[in-house]
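The next block is data.cif, given as mmCIF, C-alpha atoms.
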```cif
data_target
#
loop_
_atom_site.group_PDB
_atom_site.id
_atom_site.type_symbol
_atom_site.label_atom_id
_atom_site.label_comp_id
_atom_site.auth_asym_id
_atom_site.auth_seq_id
_atom_site.Cartn_x
_atom_site.Cartn_y
_atom_site.Cartn_z
ATOM 1 C CA MET A 21 -43.436 37.757 -169.986
ATOM 2 C CA ASN A 22 -40.801 35.615 -168.358
ATOM 3 C CA ARG A 23 -37.900 37.874 -169.211
ATOM 4 C CA GLY A 24 -39.537 41.082 -168.062
ATOM 5 C CA ILE A 25 -37.769 41.619 -164.724
ATOM 6 C CA GLY A 26 -34.718 39.438 -164.971
ATOM 7 C CA HIS A 27 -34.155 35.777 -164.330
ATOM 8 C CA SER A 28 -36.803 33.688 -162.710
ATOM 9 C CA PRO A 29 -35.844 32.697 -159.169
ATOM 10 C CA PHE A 30 -36.889 29.168 -160.041
ATOM 11 C CA ASP A 31 -34.452 28.832 -162.914
ATOM 12 C CA LEU A 32 -31.295 26.838 -162.361
ATOM 13 C CA GLN A 33 -28.108 27.541 -164.217
ATOM 14 C CA VAL A 34 -26.287 24.385 -165.220
ATOM 15 C CA ILE A 35 -22.541 25.019 -165.125
ATOM 16 C CA PHE A 36 -21.177 21.675 -166.286
ATOM 17 C CA GLN A 37 -22.196 18.058 -166.694
ATOM 18 C CA LEU A 38 -20.716 15.371 -164.468
ATOM 19 C CA GLY A 39 -21.405 12.313 -166.551
ATOM 20 C CA ALA A 40 -25.186 12.328 -166.840
ATOM 21 C CA ILE A 41 -25.674 14.566 -163.813
ATOM 22 C CA PRO A 42 -26.059 18.290 -164.464
ATOM 23 C CA VAL A 43 -24.190 20.327 -161.853
ATOM 24 C CA THR A 44 -25.893 23.631 -161.175
ATOM 25 C CA ARG A 45 -24.513 26.877 -159.838
ATOM 26 C CA PRO A 46 -25.949 26.578 -156.281
ATOM 27 C CA VAL A 47 -24.363 23.129 -155.975
ATOM 28 C CA VAL A 48 -20.942 24.491 -156.878
ATOM 29 C CA ILE A 49 -21.316 27.378 -154.401
ATOM 30 C CA THR A 50 -22.578 25.004 -151.711
ATOM 31 C CA TRP A 51 -19.559 22.736 -152.129
ATOM 32 C CA ALA A 52 -17.226 25.735 -152.067
ATOM 33 C CA LEU A 53 -18.809 26.915 -148.813
ATOM 34 C CA MET A 54 -18.596 23.423 -147.364
ATOM 35 C CA ALA A 55 -14.913 23.228 -148.278
ATOM 36 C CA LEU A 56 -14.350 26.659 -146.767
ATOM 37 C CA LEU A 57 -16.062 25.633 -143.515
ATOM 38 C CA ALA A 58 -14.338 22.256 -143.318
ATOM 39 C CA ILE A 59 -10.842 23.480 -144.122
ATOM 40 C CA GLY A 60 -11.302 26.581 -141.986
ATOM 41 C CA SER A 61 -12.406 24.684 -138.916
ATOM 42 C CA ARG A 62 -9.723 22.070 -139.520
ATOM 43 C CA LEU A 63 -7.051 24.755 -139.616
ATOM 44 C CA LEU A 64 -8.458 26.570 -136.598
ATOM 45 C CA THR A 65 -8.761 23.465 -134.422
ATOM 46 C CA SER A 66 -5.578 21.690 -135.456
ATOM 47 C CA ARG A 67 -3.447 23.572 -132.922
ATOM 48 C CA LEU A 68 -5.647 23.999 -129.846
ATOM 49 C CA ARG A 69 -3.765 25.250 -126.800
ATOM 50 C CA LEU A 70 -4.571 25.762 -123.145
ATOM 51 C CA HIS A 71 -3.770 29.458 -123.426
ATOM 52 C CA PRO A 72 -5.745 30.388 -126.525
ATOM 53 C CA GLY A 73 -4.714 32.977 -129.051
ATOM 54 C CA ARG A 74 -7.092 35.351 -130.781
ATOM 55 C CA ALA A 75 -8.576 32.947 -133.309
ATOM 56 C CA GLN A 76 -9.086 30.206 -130.767
ATOM 57 C CA THR A 77 -10.750 32.616 -128.324
ATOM 58 C CA ALA A 78 -13.185 33.784 -130.993
ATOM 59 C CA LEU A 79 -13.915 30.186 -131.948
ATOM 60 C CA GLU A 80 -14.494 29.144 -128.334
ATOM 61 C CA LEU A 81 -16.815 32.115 -127.821
ATOM 62 C CA LEU A 82 -18.813 31.129 -130.906
ATOM 63 C CA VAL A 83 -19.126 27.480 -129.904
ATOM 64 C CA THR A 84 -20.036 28.210 -126.283
ATOM 65 C CA THR A 85 -22.662 30.750 -127.404
ATOM 66 C CA ILE A 86 -24.310 28.246 -129.743
ATOM 67 C CA GLU A 87 -24.065 25.627 -127.002
ATOM 68 C CA ALA A 88 -25.754 27.916 -124.465
ATOM 69 C CA GLN A 89 -28.561 28.774 -126.895
ATOM 70 C CA LEU A 90 -29.142 25.108 -127.670
ATOM 71 C CA GLY A 91 -29.087 24.237 -123.981
ATOM 72 C CA GLU A 92 -31.912 26.721 -123.391
ATOM 73 C CA VAL A 93 -34.109 25.208 -126.111
ATOM 74 C CA ILE A 94 -33.304 21.518 -125.550
ATOM 75 C CA PRO A 95 -33.103 21.125 -121.771
ATOM 76 C CA ASP A 96 -31.843 17.529 -121.573
ATOM 77 C CA GLY A 97 -29.254 16.247 -123.984
ATOM 78 C CA GLY A 98 -28.963 19.433 -126.020
ATOM 79 C CA LEU A 99 -25.242 18.832 -126.336
ATOM 80 C CA SER A 100 -25.696 15.742 -128.488
ATOM 81 C CA PHE A 101 -27.306 17.924 -131.170
ATOM 82 C CA LEU A 102 -24.583 20.563 -131.105
ATOM 83 C CA PRO A 103 -22.647 19.077 -134.069
ATOM 84 C CA LEU A 104 -25.715 18.978 -136.322
ATOM 85 C CA LEU A 105 -27.373 22.250 -135.381
ATOM 86 C CA GLY A 106 -24.157 24.187 -134.883
ATOM 87 C CA THR A 107 -22.892 23.176 -138.305
ATOM 88 C CA MET A 108 -26.273 24.003 -139.783
ATOM 89 C CA PHE A 109 -26.188 27.459 -138.231
ATOM 90 C CA LEU A 110 -22.654 28.205 -139.417
ATOM 91 C CA PHE A 111 -23.421 26.954 -142.911
ATOM 92 C CA LEU A 112 -26.624 28.988 -143.105
ATOM 93 C CA VAL A 113 -24.883 32.161 -141.946
ATOM 94 C CA LEU A 114 -22.210 31.672 -144.561
ATOM 95 C CA ALA A 115 -24.690 30.704 -147.275
ATOM 96 C CA ASN A 116 -27.108 33.584 -146.626
ATOM 97 C CA VAL A 117 -24.332 36.146 -146.438
ATOM 98 C CA SER A 118 -22.428 34.768 -149.445
ATOM 99 C CA GLY A 119 -24.863 36.551 -151.758
ATOM 100 C CA ILE A 120 -23.043 39.784 -150.924
ATOM 101 C CA VAL A 121 -19.892 38.595 -152.721
ATOM 102 C CA PRO A 122 -19.912 39.741 -156.350
ATOM 103 C CA GLY A 123 -20.551 36.907 -158.771
ATOM 104 C CA VAL A 124 -21.857 34.608 -156.057
ATOM 105 C CA GLN A 125 -25.528 33.930 -155.587
ATOM 106 C CA ALA A 126 -26.635 32.654 -152.198
ATOM 107 C CA PRO A 127 -27.434 28.950 -152.566
ATOM 108 C CA THR A 128 -30.336 29.356 -150.137
ATOM 109 C CA ALA A 129 -31.965 31.718 -152.648
ATOM 110 C CA HIS A 130 -32.857 28.638 -154.709
ATOM 111 C CA LEU A 131 -35.547 26.264 -153.564
ATOM 112 C CA GLU A 132 -33.332 23.163 -153.608
ATOM 113 C CA THR A 133 -30.889 24.012 -150.811
ATOM 114 C CA PRO A 134 -33.545 24.968 -148.221
ATOM 115 C CA ALA A 135 -35.501 21.866 -149.257
ATOM 116 C CA ALA A 136 -32.484 19.638 -148.606
ATOM 117 C CA LEU A 137 -31.838 21.294 -145.233
ATOM 118 C CA ALA A 138 -35.495 20.967 -144.262
ATOM 119 C CA VAL A 139 -35.394 17.252 -145.131
ATOM 120 C CA VAL A 140 -32.290 16.888 -142.934
ATOM 121 C CA VAL A 141 -34.157 18.571 -140.069
ATOM 122 C CA PHE A 142 -37.246 16.421 -140.637
ATOM 123 C CA LEU A 143 -35.279 13.165 -140.623
ATOM 124 C CA SER A 144 -33.196 14.106 -137.603
ATOM 125 C CA VAL A 145 -36.327 15.043 -135.669
ATOM 126 C CA GLN A 146 -37.848 11.630 -136.392
ATOM 127 C CA LEU A 147 -34.572 9.852 -135.611
ATOM 128 C CA ALA A 148 -34.174 11.704 -132.322
ATOM 129 C CA GLY A 149 -37.753 10.832 -131.360
ATOM 130 C CA PHE A 150 -37.293 7.153 -132.216
ATOM 131 C CA ARG A 151 -34.030 6.990 -130.284
ATOM 132 C CA ARG A 152 -35.534 8.554 -127.188
ATOM 133 C CA HIS A 153 -38.934 6.879 -127.024
ATOM 134 C CA GLY A 154 -38.365 3.645 -128.932
ATOM 135 C CA PHE A 155 -40.158 2.761 -132.145
ATOM 136 C CA PHE A 156 -43.697 2.232 -130.850
ATOM 137 C CA GLY A 157 -43.273 4.711 -128.036
ATOM 138 C CA TYR A 158 -42.592 7.504 -130.495
ATOM 139 C CA LEU A 159 -45.450 6.465 -132.774
ATOM 140 C CA LYS A 160 -47.704 6.568 -129.739
ATOM 141 C CA GLU A 161 -46.686 10.178 -129.113
ATOM 142 C CA PHE A 162 -48.526 11.214 -132.279
ATOM 143 C CA ALA A 163 -51.821 10.017 -130.831
ATOM 144 C CA LYS A 164 -51.100 11.594 -127.478
ATOM 145 C CA PRO A 165 -53.963 13.825 -126.356
ATOM 146 C CA SER A 166 -56.468 11.690 -128.224
ATOM 147 C CA ILE A 167 -56.434 9.296 -131.164
ATOM 148 C CA PHE A 168 -58.534 11.761 -133.175
ATOM 149 C CA LEU A 169 -55.607 14.169 -133.351
ATOM 150 C CA LEU A 170 -53.408 11.609 -135.108
ATOM 151 C CA PRO A 171 -53.993 12.916 -138.662
ATOM 152 C CA LEU A 172 -53.497 16.512 -137.531
ATOM 153 C CA ASN A 173 -50.252 15.679 -135.749
ATOM 154 C CA LEU A 174 -48.939 13.842 -138.809
ATOM 155 C CA LEU A 175 -49.996 16.722 -141.052
ATOM 156 C CA SER A 176 -48.348 19.325 -138.827
ATOM 157 C CA GLU A 177 -45.138 17.304 -138.949
ATOM 158 C CA LEU A 178 -45.098 17.768 -142.723
ATOM 159 C CA THR A 179 -46.388 21.329 -142.930
ATOM 160 C CA ARG A 180 -43.884 22.710 -140.446
ATOM 161 C CA THR A 181 -41.057 21.165 -142.459
ATOM 162 C CA PHE A 182 -42.532 22.735 -145.572
ATOM 163 C CA SER A 183 -42.850 26.136 -143.932
ATOM 164 C CA LEU A 184 -39.257 25.856 -142.677
ATOM 165 C CA MET A 185 -38.178 25.421 -146.277
ATOM 166 C CA ILE A 186 -40.355 28.191 -147.754
ATOM 167 C CA ARG A 187 -39.437 30.657 -145.004
ATOM 168 C CA LEU A 188 -35.704 30.402 -145.638
ATOM 169 C CA PHE A 189 -36.084 30.335 -149.416
ATOM 170 C CA GLY A 190 -38.556 33.208 -149.546
ATOM 171 C CA ASN A 191 -36.607 35.535 -147.291
ATOM 172 C CA VAL A 192 -33.225 35.106 -148.940
ATOM 173 C CA MET A 193 -34.635 35.011 -152.467
ATOM 174 C CA SER A 194 -36.866 38.069 -151.995
ATOM 175 C CA GLY A 195 -33.940 40.039 -150.609
ATOM 176 C CA GLU A 196 -31.819 39.299 -153.660
ATOM 177 C CA PHE A 197 -34.766 39.894 -155.960
ATOM 178 C CA ILE A 198 -35.506 43.318 -154.499
ATOM 179 C CA ILE A 199 -31.823 44.293 -154.748
ATOM 180 C CA ALA A 200 -31.837 43.219 -158.401
ATOM 181 C CA ILE A 201 -34.971 45.274 -159.144
ATOM 182 C CA VAL A 202 -33.651 48.377 -157.367
ATOM 183 C CA LEU A 203 -30.339 47.947 -159.173
ATOM 184 C CA GLY A 204 -32.241 47.954 -162.443
ATOM 185 C CA LEU A 205 -34.031 51.191 -161.521
ATOM 186 C CA ALA A 206 -31.171 53.191 -159.996
ATOM 187 C CA GLY A 207 -27.622 51.974 -160.252
ATOM 188 C CA LEU A 208 -24.879 53.244 -157.999
ATOM 189 C CA LEU A 209 -25.086 53.288 -154.166
ATOM 190 C CA VAL A 210 -28.888 53.177 -154.025
ATOM 191 C CA PRO A 211 -29.155 49.423 -153.275
ATOM 192 C CA LEU A 212 -26.554 49.667 -150.469
ATOM 193 C CA PRO A 213 -29.041 50.038 -147.558
ATOM 194 C CA LEU A 214 -31.012 47.125 -148.949
ATOM 195 C CA MET A 215 -27.854 45.043 -149.052
ATOM 196 C CA GLY A 216 -27.218 45.880 -145.402
ATOM 197 C CA LEU A 217 -30.766 44.825 -144.606
ATOM 198 C CA GLU A 218 -30.184 41.641 -146.563
ATOM 199 C CA LEU A 219 -27.137 40.821 -144.408
ATOM 200 C CA LEU A 220 -29.232 41.289 -141.271
ATOM 201 C CA THR A 221 -32.055 39.177 -142.731
ATOM 202 C CA GLY A 222 -29.606 36.407 -143.589
ATOM 203 C CA LEU A 223 -28.276 36.270 -140.022
ATOM 204 C CA ILE A 224 -31.767 36.351 -138.506
ATOM 205 C CA GLN A 225 -33.027 33.646 -140.862
ATOM 206 C CA ALA A 226 -30.071 31.410 -140.021
ATOM 207 C CA TYR A 227 -30.836 31.932 -136.328
ATOM 208 C CA ILE A 228 -34.549 31.230 -136.812
ATOM 209 C CA PHE A 229 -33.971 28.111 -138.908
ATOM 210 C CA THR A 230 -31.616 26.667 -136.313
ATOM 211 C CA THR A 231 -33.816 27.640 -133.377
ATOM 212 C CA LEU A 232 -36.902 26.114 -134.967
ATOM 213 C CA ALA A 233 -34.992 22.918 -135.770
ATOM 214 C CA ALA A 234 -33.911 22.805 -132.115
ATOM 215 C CA VAL A 235 -37.491 23.412 -130.964
ATOM 216 C CA PHE A 236 -38.779 20.570 -133.184
ATOM 217 C CA ILE A 237 -36.110 18.216 -131.862
ATOM 218 C CA ALA A 238 -36.867 19.293 -128.305
ATOM 219 C CA ALA A 239 -40.554 18.554 -128.891
ATOM 220 C CA ALA A 240 -39.694 15.107 -130.272
ATOM 221 C CA VAL A 241 -37.340 14.090 -127.454
ATOM 222 C CA GLY A 242 -39.263 15.857 -124.700
ATOM 223 C CA THR A 243 -40.506 13.692 -121.864
ATOM 224 C CA THR A 244 -43.803 15.536 -121.882
ATOM 225 C CA SER A 245 -46.313 15.215 -124.671
ATOM 226 C CA PRO A 246 -45.060 17.020 -127.798
ATOM 227 C CA ALA A 247 -48.571 17.737 -129.026
ATOM 228 C CA PRO A 248 -49.003 21.316 -127.738
ATOM 229 C CA ALA A 249 -45.617 22.327 -129.100
ATOM 230 C CA ASN A 250 -46.497 20.667 -132.404
ATOM 231 C CA GLY A 251 -49.712 22.575 -132.745
ATOM 232 C CA LYS A 252 -48.098 25.877 -131.861
ATOM 233 C CA GLU A 253 -45.116 25.498 -134.127
ATOM 234 C CA ALA A 254 -47.138 24.363 -137.101
ATOM 235 C CA THR A 255 -48.647 27.782 -137.461
ATOM 236 C CA THR A 256 -45.421 29.767 -137.342
ATOM 237 C CA MET B 11 -58.181 38.594 -171.048
ATOM 238 C CA THR B 12 -55.283 36.324 -171.739
ATOM 239 C CA ILE B 13 -53.787 34.040 -169.118
ATOM 240 C CA GLU B 14 -50.766 36.337 -168.875
ATOM 241 C CA GLN B 15 -52.894 39.348 -167.964
ATOM 242 C CA ILE B 16 -54.897 37.387 -165.439
ATOM 243 C CA SER B 17 -51.656 36.093 -163.920
ATOM 244 C CA VAL B 18 -50.245 39.593 -163.483
ATOM 245 C CA ILE B 19 -53.429 40.753 -161.802
ATOM 246 C CA GLY B 20 -53.396 37.647 -159.622
ATOM 247 C CA ALA B 21 -49.817 38.316 -158.539
ATOM 248 C CA VAL B 22 -50.634 41.930 -157.663
ATOM 249 C CA VAL B 23 -53.683 40.893 -155.659
ATOM 250 C CA ALA B 24 -51.710 38.180 -153.838
ATOM 251 C CA VAL B 25 -48.937 40.519 -152.728
ATOM 252 C CA SER B 26 -51.101 43.531 -151.936
ATOM 253 C CA PHE B 27 -53.703 41.740 -149.879
ATOM 254 C CA GLY B 28 -51.169 39.381 -148.406
ATOM 255 C CA ALA B 29 -49.160 42.328 -147.115
ATOM 256 C CA ILE B 30 -52.064 43.794 -145.131
ATOM 257 C CA GLY B 31 -52.156 41.184 -142.399
ATOM 258 C CA PRO B 32 -48.420 41.038 -141.677
ATOM 259 C CA ALA B 33 -48.222 44.851 -141.787
ATOM 260 C CA LEU B 34 -50.871 45.176 -139.081
ATOM 261 C CA ALA B 35 -49.264 42.400 -137.063
ATOM 262 C CA GLU B 36 -45.785 43.914 -137.291
ATOM 263 C CA GLY B 37 -47.175 47.269 -136.215
ATOM 264 C CA ARG B 38 -48.768 45.749 -133.154
ATOM 265 C CA ALA B 39 -45.608 43.804 -132.313
ATOM 266 C CA VAL B 40 -43.380 46.882 -132.559
ATOM 267 C CA ALA B 41 -45.856 48.959 -130.555
ATOM 268 C CA ALA B 42 -45.919 46.349 -127.800
ATOM 269 C CA ALA B 43 -42.134 46.133 -127.780
ATOM 270 C CA MET B 44 -41.826 49.944 -127.596
ATOM 271 C CA GLU B 45 -44.164 50.000 -124.635
ATOM 272 C CA ALA B 46 -42.224 47.238 -122.931
ATOM 273 C CA ILE B 47 -38.894 49.007 -123.517
ATOM 274 C CA ALA B 48 -40.316 52.309 -122.232
ATOM 275 C CA ARG B 49 -41.479 50.546 -119.113
ATOM 276 C CA GLN B 50 -38.323 48.503 -118.567
ATOM 277 C CA PRO B 51 -35.377 50.098 -120.380
ATOM 278 C CA GLU B 52 -32.947 47.701 -118.682
ATOM 279 C CA SER B 53 -34.338 44.690 -120.565
ATOM 280 C CA ALA B 54 -34.237 46.444 -123.944
ATOM 281 C CA ALA B 55 -31.598 44.052 -125.309
ATOM 282 C CA SER B 56 -33.557 40.861 -124.788
ATOM 283 C CA ILE B 57 -36.824 42.492 -125.870
ATOM 284 C CA SER B 58 -35.392 43.731 -129.141
ATOM 285 C CA ARG B 59 -33.773 40.358 -129.852
ATOM 286 C CA THR B 60 -37.103 38.613 -129.343
ATOM 287 C CA LEU B 61 -38.793 41.341 -131.376
ATOM 288 C CA PHE B 62 -36.504 40.750 -134.345
ATOM 289 C CA VAL B 63 -37.159 37.022 -134.304
ATOM 290 C CA GLY B 64 -40.880 37.629 -133.961
ATOM 291 C CA LEU B 65 -40.893 40.130 -136.796
ATOM 292 C CA ALA B 66 -39.070 37.669 -139.027
ATOM 293 C CA MET B 67 -41.744 35.085 -138.179
ATOM 294 C CA ILE B 68 -44.558 37.501 -139.009
ATOM 295 C CA GLU B 69 -42.799 38.598 -142.152
ATOM 296 C CA THR B 70 -42.849 35.006 -143.309
ATOM 297 C CA MET B 71 -46.567 35.332 -144.026
ATOM 298 C CA ALA B 72 -45.898 38.168 -146.454
ATOM 299 C CA ILE B 73 -43.031 36.169 -147.922
ATOM 300 C CA TYR B 74 -45.415 33.281 -148.608
ATOM 301 C CA CYS B 75 -47.597 35.645 -150.621
ATOM 302 C CA LEU B 76 -44.530 36.891 -152.485
ATOM 303 C CA VAL B 77 -43.531 33.316 -153.304
ATOM 304 C CA VAL B 78 -47.036 32.628 -154.599
ATOM 305 C CA ALA B 79 -46.893 35.787 -156.723
ATOM 306 C CA LEU B 80 -43.517 34.812 -158.153
ATOM 307 C CA LEU B 81 -44.807 31.318 -158.849
ATOM 308 C CA ILE B 82 -47.699 32.852 -160.771
ATOM 309 C CA LEU B 83 -45.341 35.101 -162.723
ATOM 310 C CA PHE B 84 -42.406 32.788 -163.386
ATOM 311 C CA ALA B 85 -43.552 29.213 -162.965
ATOM 312 C CA ASN B 86 -47.161 29.456 -164.016
ATOM 313 C CA PRO B 87 -48.376 25.952 -164.879
ATOM 314 C CA PHE B 88 -51.099 27.351 -167.146
ATOM 315 C CA VAL B 89 -48.740 29.272 -169.402
ATOM 316 C CA HIS B 90 -46.862 27.221 -171.946
ATOM 317 C CA LEU B 91 -43.309 28.458 -172.069
ATOM 318 C CA HIS B 92 -41.774 28.813 -175.450
#
```
Output the file's structure in the form of structure tokens.
Amino acid sequence: MNRGIGHSPFDLQVIFQLGAIPVTRPVVITWALMALLAIGSRLLTSRLRLHPGRAQTALELLVTTIEAQLGEVIPDGGLSFLPLLGTMFLFLVLANVSGIVPGVQAPTAHLETPAALAVVVFLSVQLAGFRRHGFFGYLKEFAKPSIFLLPLNLLSELTRTFSLMIRLFGNVMSGEFIIAIVLGLAGLLVPLPLMGLELLTGLIQAYIFTTLAAVFIAAAVGTTSPAPANGKEATT
Amino acid sequence: MTIEQISVIGAVVAVSFGAIGPALAEGRAVAAAMEAIARQPESAASISRTLFVGLAMIETMAIYCLVVALLILFANPFVHLH
């Protein structure tokens, strides 16, 4: 039953052992993407000039666009989250799209990578809230409209992180899964439109993940009560 | 029926019924966006951008059902893998 339609999306392929730690395929791809991003941005920003060339212009356009989007979502102090969320967006774009390269499977198509990213978002939301409101001030925010909503607010904090993880995983994984099934039914050229759709889905999911992370952070650092935003976002 | 057969039926039911709600919702969203674009063609760019994000959000519900179905098929806790 488990080998009927290909590999299970929950299986992990161990490539080599690092001491006692098994290193799986998504980990290797993730580190390759990270190296690509780090070396690429290092190369692109090592020779910044006042009169930019082509590459620098494209880079500046990208950064200012992300900055403007973040500024819309996080009204005050959005710039301080640009390194985290901008890097997250770039990594997600690269990771979601990397599935199109032959032999590479998108690391976000396995549950572990989205889970790690969602934990990063969760922790940075809490950290941002603590930094803005102080320890007890932020804890008080959870009981904001009334003390009876405290369990619901805490629960929504967890469920929205969970849904962030499942959304990214499900979208990327289902895209690859459908391509694999169609490829098994009809070989040449037929899966091409689906692959195009998968590229679009990857970009949109990267955008949504980053935007939602920004919205959560904005709700945590907001001067107004975060409760209505919490309740609304928990259902998305 | 064996657990395998029940699992397959469960996966089919999860995806098929789980697709109904998002399908209706996506239809309504696209219809509303079409109407808005017909009324204000100049704001078509921002409407369609918001529409895409909204559709991806709605689609998530169907994706949840798909994940549940795949869990039933591939990571079923009641089937002992050999």
* Asked: Got a sec to check which residues sit within 6 Å of (-37.5, 38.3, -144.4), counting only C-alpha atoms, and write them as a ChimeraX atom specification?
  -> /A:191,221 /B:66,69
* Find the residues near Pro87 in chain B: any atom within 12 Å, counting only C-alpha atoms, skip ones fewer than 4 places away on the same chain, and give them as an NGL selection string. => :B and (13-14 or 17 or 81-83 or 91)
Run the PyMOL selection byres ((chain B) within 6 of (chain A)) mentally over the shown coordinates, then write out the matched residues as a PDB file with C-alpha atoms, in the coordinates of the input, using the chain letters and numbers from the document.
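Wrote result08.pdb, looks like this:
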```
ATOM      1  CA  THR B  70     -42.849  35.006-143.309  1.00  0.00           C
ATOM      2  CA  ILE B  73     -43.031  36.169-147.922  1.00  0.00           C
ATOM      3  CA  PHE B  84     -42.406  32.788-163.386  1.00  0.00           C
TER       4      PHE B  84
END
```
* Give as a ChimeraX atom specification each residue that has an atom at most 12 Å from (-40.2, 15.8, -136.7) in the file, counting all atoms listed in the file. => /A:138-150,158-159,161-162,173-182,184,232-241,246-247,249-250,253-254
* Asked: Within 12 Å of Val23 in chain B, counting all atoms listed in the file, which residues qualify if same-chain residues fewer than 4 places away don't, as a list of chain:residue names?
  ->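 Selected residues are B:Ile16, B:Ser17, B:Val18, B:Ile19, B:Phe27, B:Gly28, B:Ala29, B:Ile30, B:Cys75, B:Leu76, B:Val78, B:Ala79, B:Ile82.
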* To do: Just say which residues the PyMOL selection byres ((chain A and resi 215) around 10) picks in this file, as a list in words.
  =>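 Against this file, the PyMOL selection byres ((chain A and resi 215) around 10) returns the residues Val117, Gly119, Ile120, Gly195, Glu196, Ile198, Ile199, Val210, Pro211, Leu212, Pro213, Leu214, Gly216, Leu217, Glu218, Leu219, Leu220 and Thr221 of chain A.
The coordinates place CA of Gly37 in chain B at 13.8 Å from CA of Ala72 in chain B.
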* Taking the file as shown, what set of residues would the PyMOL selection byres ((chain A and resi 132) around 10) give back, as a PyMOL selection string? -> chain A and resi 30+32+46-47+127-131+133-138+185+189
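Interatomic distance, CA of Ser26 in chain B to CA of Ala42 in chain B: 24.8 Å.
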* Could you state the separation of CA of Gly154 in chain A and CA of Leu169 in chain A in Å, given to one decimal place? ->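 So the answer is 20.7 Å.
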